[in-house]
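K.L.:
This is the structure I want to talk about, given as structure tokens.
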Amino acid sequence: MGAAGGIGAVVLDFYGTLVRMVEPLPPDHRAVFARRGLAAQGELWGDQWSVGPAEGEEHLAHSADETAYVTWERDRLRRRARGCGVPEGELDGLVAELDRAMKAVRLALYPDVPGVLARLRERGLLVGVCSNWFWNLEDCLAETGIGGAVDVVVGSARTGVRKPHPLIYRAVTEKCGLPADRVLFVGDMWTPDVLGPLAAGMRAVHLHRPDRAVRGAAPPLPEGAARITGLPGLIRLLDRGDAAGPGDCG
């Protein structure tokens, strides 16, 4: 399987790398609380996205199957709601609605994605996706139109660990059937998509889009990493044979 620098697979993050959130946005949790006469409790909730598992968290026992995982997700919501003072009789209905609302995410591909994935496949490279995501990662890939362009899918929900836990990168290399140093990881998040893969022995490319979901200055590149401002830059890195970096390529 030919590729620059011995690379046999390119594995990409999902959200912020391949897809972005578009309107209509998920409903704000405060509206969900208010509809149920629980506006005061809704104000105590805080950031509606912070209730999820943490980066690097291991949850193998809860990832035995979809039922176990969804139960775990809803149990976290239930504990948070109870801590905000939601009465016991209101918990089940509120939690079910919050769970649906948080997953009502409309996604769209970045415009550069289909062409770049096609060019990677033309090179004979395995194409993978590795993401901290809900149980339905494969469904989301299909719904955005790229399910058929991806050979390997590794999601945190089914794997039982979240990036940058070492086990998720081990799952990637095992599914690719390649040693870590032949896998190139591409993503927009610094620790999960750059430092984590490097620590696992992979090569890494930091995607720092102008319209990125993650704000802030890009950290200095460590050895073994490169940086691009759009996915076409990945093709240019492969063309010049130095995807191991360091360096910038727009």
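Residues are named by chain letter and number: chains run A, B, ... in the order of the structure tokens, numbers start at 1 in each chain, and ligands are numbered from 1 in the order shown.
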Can you list, as a ChimeraX atom specification, every protein, DNA or RNA residue that comes within 6 Å of stretch 186-188 of chain A when you count only C-alpha atoms, leaving out same-chain residues fewer than 3 positions away?
P.N.:
/A:12-13,17,193,204-208
K.L.:
Give me, as a Markdown table, the closest atom pair and its distance (Å, one decimal) for every residue of stretch 143-235 of chain A within a cut-off of 10 Å of stretch 127-132 of chain A, counting only C-alpha atoms, rows sorted by chain and rising number.
P.N.:
| residue | atom | partner | partner_atom | distance |
| --- | --- | --- | --- | --- |
| A:Ala149 | CA | A:Val127 | CA | 7.3 |
| A:Val150 | CA | A:Val127 | CA | 5.2 |
| A:Asp151 | CA | A:Val127 | CA | 5.4 |
| A:Val152 | CA | A:Gly128 | CA | 4.4 |
| A:Val153 | CA | A:Val129 | CA | 5.0 |
| A:Val154 | CA | A:Cys130 | CA | 4.7 |
| A:Gly155 | CA | A:Ser131 | CA | 5.1 |
| A:Ser156 | CA | A:Asn132 | CA | 4.8 |
| A:Ala157 | CA | A:Asn132 | CA | 7.3 |
| A:Arg158 | CA | A:Asn132 | CA | 10.0 |
| A:Thr159 | CA | A:Asn132 | CA | 9.8 |
| A:Val161 | CA | A:Asn132 | CA | 8.5 |
| A:Arg162 | CA | A:Asn132 | CA | 5.6 |
| A:Lys163 | CA | A:Asn132 | CA | 6.4 |
| A:Pro164 | CA | A:Asn132 | CA | 9.3 |
| A:Ile168 | CA | A:Cys130 | CA | 8.2 |
| A:Tyr169 | CA | A:Cys130 | CA | 8.4 |
| A:Ala171 | CA | A:Cys130 | CA | 9.5 |
| A:Val172 | CA | A:Cys130 | CA | 7.4 |
| A:Lys175 | CA | A:Gly128 | CA | 9.2 |
| A:Cys176 | CA | A:Gly128 | CA | 8.0 |
| A:Val183 | CA | A:Gly128 | CA | 9.7 |
| A:Leu184 | CA | A:Gly128 | CA | 9.8 |
| A:Phe185 | CA | A:Cys130 | CA | 8.8 |
| A:Val186 | CA | A:Val129 | CA | 9.3 |
| A:Gly187 | CA | A:Cys130 | CA | 9.4 |
| A:Pro192 | CA | A:Asn132 | CA | 9.0 |
| A:Asp193 | CA | A:Cys130 | CA | 9.2 |
K.L.:
Go through A:Val10, A:Ile146, A:Ala54, A:Leu137 one by one, measure the shortest atom-to-atom distance of each to A:Ala180 using only C-alpha atoms, and give the residue with the smallest value.
P.N.:
A:Val10
K.L.:
Have a look at A:Arg80, A:Arg212, A:Arg106, A:Arg30 and name the one nearest to A:Cys140; count only C-alpha atoms.
P.N.:
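Between A:Arg80, A:Arg212, A:Arg106, A:Arg30, the residue approaching A:Cys140 most closely is A:Arg106.
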K.L.:
Just how far from atom CA of A:Ala104 is atom CA of A:Thr229, in Å to one decimal?
P.N.:
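Separating atom CA of A:Thr229 from atom CA of A:Ala104 is a distance of 28.4 Å.
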K.L.:
Check stretch 19-203 of chain A with DSSP on the backbone and list each residue it calls strand (DSSP E), as a list of chain:residue names.
P.N.:
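Strand (DSSP E) members of stretch 19-203 of chain A, listed: A:Val19, A:Arg20, A:Met21, A:Leu107, A:Ala108, A:Leu109, A:Leu126, A:Val127, A:Gly128, A:Val129, A:Cys130, A:Ser131, A:Val152, A:Val153, A:Val154, A:Gly155, A:Val183, A:Leu184, A:Phe185, A:Val186, A:Gly187, A:Arg203.
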K.L.:
Could you give me, as a tab-separated table, a per-residue list for stretch 98-151 of chain A showing, wherever an atom lies at most 12 Å from an atom of stretch 32-42 of chain A, the closest pair of atoms and their distance in Å to one decimal, using only C-alpha atoms and sorting by chain then residue number from low to high?
P.N.:
residue	atom	partner	partner_atom	distance
A:Leu98	CA	A:Val32	CA	7.0
A:Asp99	CA	A:Val32	CA	10.6
A:Arg100	CA	A:Val32	CA	10.5
A:Ala101	CA	A:Val32	CA	8.3
A:Met102	CA	A:Val32	CA	10.7
K.L.:
Out of A:Gly224, A:Glu97, A:Asp239, A:Gly230, which residue has the shortest atom-to-atom distance to A:Asp211 when counting only C-alpha atoms?
P.N.:
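Answer, going by the shortest atom-to-atom distance: A:Gly230.
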K.L.:
If DSSP is run on the backbone, what residues of stretch 57-232 of chain A are alpha helix (DSSP H)? A reply as number ranges by chain would be ideal.
P.N.:
A: 66-83, 88-103, 113-122, 137-143, 156-159, 166-176, 190, 196-199, 232
K.L.:
Find, counting only C-alpha atoms, the residue in A:Gly233, A:Gly148, A:Leu107, A:Leu117 that gets nearest to A:Val19.
P.N.:
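When distances to A:Val19 are compared using only C-alpha atoms, the smallest one comes from A:Leu107.
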K.L.:
Could you tell me how far atom CA of A:Gln48 lies from atom CA of A:Gly85, in Å and to one decimal?
P.N.:
16.0 Å
K.L.:
Measuring between only C-alpha atoms, which one of A:Glu223, A:Leu178, A:Trp190, A:Leu234 shows the shortest distance to A:Ile7?
P.N.:
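Going through A:Glu223, A:Leu178, A:Trp190, A:Leu234 one by one, the smallest distance to A:Ile7 is for A:Leu178.
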K.L.:
Distance atom CA of A:Ala118-atom CA of A:Glu143, one decimal place?
P.N.:
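Going from atom CA of A:Ala118 over to atom CA of A:Glu143 covers 17.5 Å.
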K.L.:
Which residue is closest to A:Leu44? Choose from A:Val70, A:Met21, A:Leu60, A:Val86 and count only C-alpha atoms.
P.N.:
A:Val86
